[in-house]
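**Student:** Please find one structure pasted underneath; my questions will follow.
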Amino acid sequence: MSEGTEQAAAAELSALQGALAAEHATVYGYGVVGGRIGERRRAEARAAYDAHRARRDALVRAVRDLGGSPVAASAGYALPFPVQDGTAAVRLAARLEERLAGVYADLVRAATGARRADAAGALREAAVRAVRWSGQSVAFPGLAERSGEQTGAAGTTPSATASATR
């Protein structure tokens, strides 16, 4: 393998690991959302939770296919704000999806072929869910998030303990 090919493979593996870490955080976040969301949007939250679990599992396989050891989920994640009611749960769901779009934009940039197409699909799905949750859209999903805040994957930060706000 040439040096350029090795660097590209390393960048792709790193982006896959970043997406996997973000999906771990998002699955955790949707657990919080599900506990606070109102009945009217509970099915939507459940569908998103299931979709993110499936994406997470696919990313684990992709990391292994490239010879990597998949990053493990943290025991808990610090949320970007307290989630004490349904309104905050909806806001959290939107934030999770917005952050995830940014992570998938990184994977689109690093990947090639079918993996790139899958990442573009995941970015699109996250952007659509973000719009559904927030009622607002951005011109370039996945890029606006990169301009400001310095939070962890999917807007959460791994916590040293599992005592994150629930």
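In the structure tokens, chains take the letters A, B, ... in the order shown, each chain's residues start at 1, and ligands count up from 1 in the order shown.
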Step one, run DSSP on the backbone; step two, keep only residues of chain A assigned to alpha helix (DSSP H); then write them as a PyMOL selection string.
**Tutor:** chain A and resi 3-36+42-65+86-110+113-134
**Student:** Residues near Leu96 (chain A), anyone? I mean within 10 Å using only C-alpha atoms, not counting same-chain ones fewer than 4 positions away, as a PyMOL selection string.
**Tutor:** chain A and resi 22-23+25-27+29-30+79-80+90-92+100-101+126+129-130+153-156
**Student:** If you run DSSP over the backbone, which residues in region 8-165 of chain A end up strand (DSSP E or B)? Put them as a ChimeraX atom specification.
**Tutor:** /A:76-78,157-159
**Student:** Grab the CA of Val108 (chain A) to CA of Ala120 (chain A) distance for me, in Å with one decimal place.
**Tutor:**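 Between these atoms lies a distance of 5.9 Å.
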**Student:** Could you tell me how far CA of Val33 (chain A) sits from CA of Ala45 (chain A), in Å to one decimal place?
**Tutor:**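 Pair CA of Ala45 (chain A) / CA of Val33 (chain A) returns 7.2 Å.
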**Student:** Neighbouring residues of Val131 (chain A) were defined as those with any atom within 12 Å, considering only C-alpha atoms; residues of the same chain fewer than 2 positions away were excluded. Please report them as a JSON list (two decimals) with N, CA and C atoms, in the first residue's frame.
**Tutor:**
[["chain", "number", "residue", "atom", "x", "y", "z"],
["A", 90, "VAL", "N", -37.66, 17.29, 23.01],
["A", 90, "VAL", "CA", -37.71, 17.59, 21.58],
["A", 90, "VAL", "C", -36.48, 18.40, 21.17],
["A", 91, "ARG", "N", -36.11, 19.37, 21.99],
["A", 91, "ARG", "CA", -34.91, 20.17, 21.72],
["A", 91, "ARG", "C", -33.66, 19.29, 21.71],
["A", 93, "ALA", "N", -33.52, 16.03, 21.01],
["A", 93, "ALA", "CA", -33.55, 15.20, 19.80],
["A", 93, "ALA", "C", -33.04, 15.99, 18.60],
["A", 94, "ALA", "N", -33.48, 17.23, 18.47],
["A", 94, "ALA", "CA", -33.01, 18.08, 17.36],
["A", 94, "ALA", "C", -31.50, 18.29, 17.45],
["A", 95, "ARG", "N", -31.01, 18.58, 18.64],
["A", 95, "ARG", "CA", -29.57, 18.81, 18.82],
["A", 95, "ARG", "C", -28.77, 17.56, 18.49],
["A", 96, "LEU", "N", -29.25, 16.40, 18.93],
["A", 96, "LEU", "CA", -28.55, 15.15, 18.63],
["A", 96, "LEU", "C", -28.42, 14.95, 17.13],
["A", 97, "GLU", "N", -29.51, 15.17, 16.41],
["A", 97, "GLU", "CA", -29.50, 14.98, 14.96],
["A", 97, "GLU", "C", -28.62, 16.00, 14.25],
["A", 98, "GLU", "N", -28.65, 17.24, 14.71],
["A", 98, "GLU", "CA", -27.81, 18.28, 14.11],
["A", 98, "GLU", "C", -26.33, 17.93, 14.27],
["A", 101, "ALA", "N", -25.30, 14.99, 12.07],
["A", 101, "ALA", "CA", -25.12, 15.39, 10.67],
["A", 101, "ALA", "C", -23.69, 15.88, 10.44],
["A", 124, "ARG", "N", -28.16, 12.68, 5.39],
["A", 124, "ARG", "CA", -29.48, 13.12, 4.94],
["A", 124, "ARG", "C", -30.56, 12.76, 5.97],
["A", 125, "GLU", "N", -30.52, 11.53, 6.47],
["A", 125, "GLU", "CA", -31.51, 11.10, 7.46],
["A", 125, "GLU", "C", -31.43, 11.94, 8.74],
["A", 126, "ALA", "N", -30.22, 12.22, 9.19],
["A", 126, "ALA", "CA", -30.05, 13.04, 10.40],
["A", 126, "ALA", "C", -30.57, 14.46, 10.15],
["A", 127, "ALA", "N", -30.29, 15.00, 8.98],
["A", 127, "ALA", "CA", -30.75, 16.35, 8.66],
["A", 127, "ALA", "C", -32.27, 16.41, 8.60],
["A", 128, "VAL", "N", -32.88, 15.41, 8.02],
["A", 128, "VAL", "CA", -34.35, 15.38, 7.93],
["A", 128, "VAL", "C", -34.96, 15.25, 9.33],
["A", 129, "ARG", "N", -34.40, 14.37, 10.15],
["A", 129, "ARG", "CA", -34.92, 14.24, 11.52],
["A", 129, "ARG", "C", -34.72, 15.52, 12.30],
["A", 133, "TRP", "N", -37.72, 17.57, 14.13],
["A", 133, "TRP", "CA", -37.73, 17.88, 15.56],
["A", 133, "TRP", "C", -37.76, 19.37, 15.82],
["A", 134, "SER", "N", -36.96, 20.13, 15.07],
["A", 134, "SER", "CA", -36.81, 21.56, 15.39],
["A", 134, "SER", "C", -37.75, 22.46, 14.60],
["A", 135, "GLY", "N", -38.20, 21.99, 13.45],
["A", 135, "GLY", "CA", -39.02, 22.85, 12.60],
["A", 135, "GLY", "C", -38.20, 23.85, 11.81],
["A", 136, "GLN", "N", -36.88, 23.75, 11.87],
["A", 136, "GLN", "CA", -35.98, 24.67, 11.16],
["A", 136, "GLN", "C", -34.97, 23.86, 10.37],
["A", 137, "SER", "N", -34.50, 24.43, 9.28],
["A", 137, "SER", "CA", -33.48, 23.76, 8.49],
["A", 137, "SER", "C", -32.28, 24.67, 8.29],
["A", 138, "VAL", "N", -31.21, 24.08, 7.82],
["A", 138, "VAL", "CA", -30.01, 24.84, 7.48],
["A", 138, "VAL", "C", -29.67, 24.54, 6.03],
["A", 139, "ALA", "N", -28.98, 25.45, 5.39],
["A", 139, "ALA", "CA", -28.66, 25.31, 3.97],
["A", 139, "ALA", "C", -27.75, 24.10, 3.72],
["A", 141, "PRO", "N", -26.66, 21.02, 5.83],
["A", 141, "PRO", "CA", -26.66, 20.21, 7.05],
["A", 141, "PRO", "C", -25.30, 19.55, 7.26]]
**Student:** Excluding Leu20 (chain A) and residues on its chain fewer than 3 positions from it, collect all residues at most 6 Å away from it, counting only C-alpha atoms, and give them as a VMD selection string.
**Tutor:** chain A and resid 17 23 56 59
**Student:** Please list as a VMD selection string every residue within 12 Å of Ala117 (chain A), counting only C-alpha atoms and excluding residues in the same chain fewer than 6 positions away.
**Tutor:** chain A and resid 104 to 105 107 to 111 123 to 124
**Student:** How would the residues just picked look written out with N, CA and C atoms as a PDB file, in the first residue's frame?
**Tutor:**
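Saved as selection-v4.pdb:
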ATOM      1  N   TYR A 104     -21.376  12.863  10.311  1.00  0.00           N
ATOM      2  CA  TYR A 104     -21.502  12.150   9.041  1.00  0.00           C
ATOM      3  C   TYR A 104     -20.929  12.953   7.882  1.00  0.00           C
ATOM      4  N   ALA A 105     -20.943  14.277   7.958  1.00  0.00           N
ATOM      5  CA  ALA A 105     -20.283  15.087   6.930  1.00  0.00           C
ATOM      6  C   ALA A 105     -18.782  14.780   6.907  1.00  0.00           C
ATOM      7  N   LEU A 107     -17.475  11.911   7.742  1.00  0.00           N
ATOM      8  CA  LEU A 107     -17.324  10.578   7.161  1.00  0.00           C
ATOM      9  C   LEU A 107     -17.499  10.626   5.644  1.00  0.00           C
ATOM     10  N   VAL A 108     -18.415  11.433   5.151  1.00  0.00           N
ATOM     11  CA  VAL A 108     -18.573  11.584   3.700  1.00  0.00           C
ATOM     12  C   VAL A 108     -17.261  12.068   3.085  1.00  0.00           C
ATOM     13  N   ARG A 109     -16.627  13.013   3.750  1.00  0.00           N
ATOM     14  CA  ARG A 109     -15.368  13.565   3.247  1.00  0.00           C
ATOM     15  C   ARG A 109     -14.250  12.515   3.252  1.00  0.00           C
ATOM     16  N   ALA A 110     -14.236  11.624   4.233  1.00  0.00           N
ATOM     17  CA  ALA A 110     -13.136  10.673   4.376  1.00  0.00           C
ATOM     18  C   ALA A 110     -13.351   9.358   3.629  1.00  0.00           C
ATOM     19  N   ALA A 111     -14.587   9.000   3.375  1.00  0.00           N
ATOM     20  CA  ALA A 111     -14.885   7.680   2.810  1.00  0.00           C
ATOM     21  C   ALA A 111     -14.942   7.727   1.284  1.00  0.00           C
ATOM     22  N   LEU A 123     -26.215  11.153   6.717  1.00  0.00           N
ATOM     23  CA  LEU A 123     -26.244  12.606   6.889  1.00  0.00           C
ATOM     24  C   LEU A 123     -27.625  13.140   6.514  1.00  0.00           C
ATOM     25  N   ARG A 124     -28.156  12.683   5.389  1.00  0.00           N
ATOM     26  CA  ARG A 124     -29.481  13.125   4.943  1.00  0.00           C
ATOM     27  C   ARG A 124     -30.557  12.758   5.973  1.00  0.00           C
TER      28      ARG A 124
END
**Student:** Would you compute the distance between CA of Arg36 (chain A) and CA of Ala58 (chain A)? Give it in Å to one decimal.
**Tutor:** 27.6 Å
**Student:** Between A:Leu66, A:Gly76, A:Arg116, A:Arg99, which is the closest to Val32 (chain A) once you count only C-alpha atoms?
**Tutor:**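 Checking each of A:Leu66, A:Gly76, A:Arg116, A:Arg99 against Val32 (chain A), counting only C-alpha atoms, the winner is A:Gly76.
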**Student:** Which residues come within 10 Å of Gly68 (chain A), counting only C-alpha atoms, excluding same-chain residues fewer than 2 positions away, as a count of residues only?
**Tutor:** 14
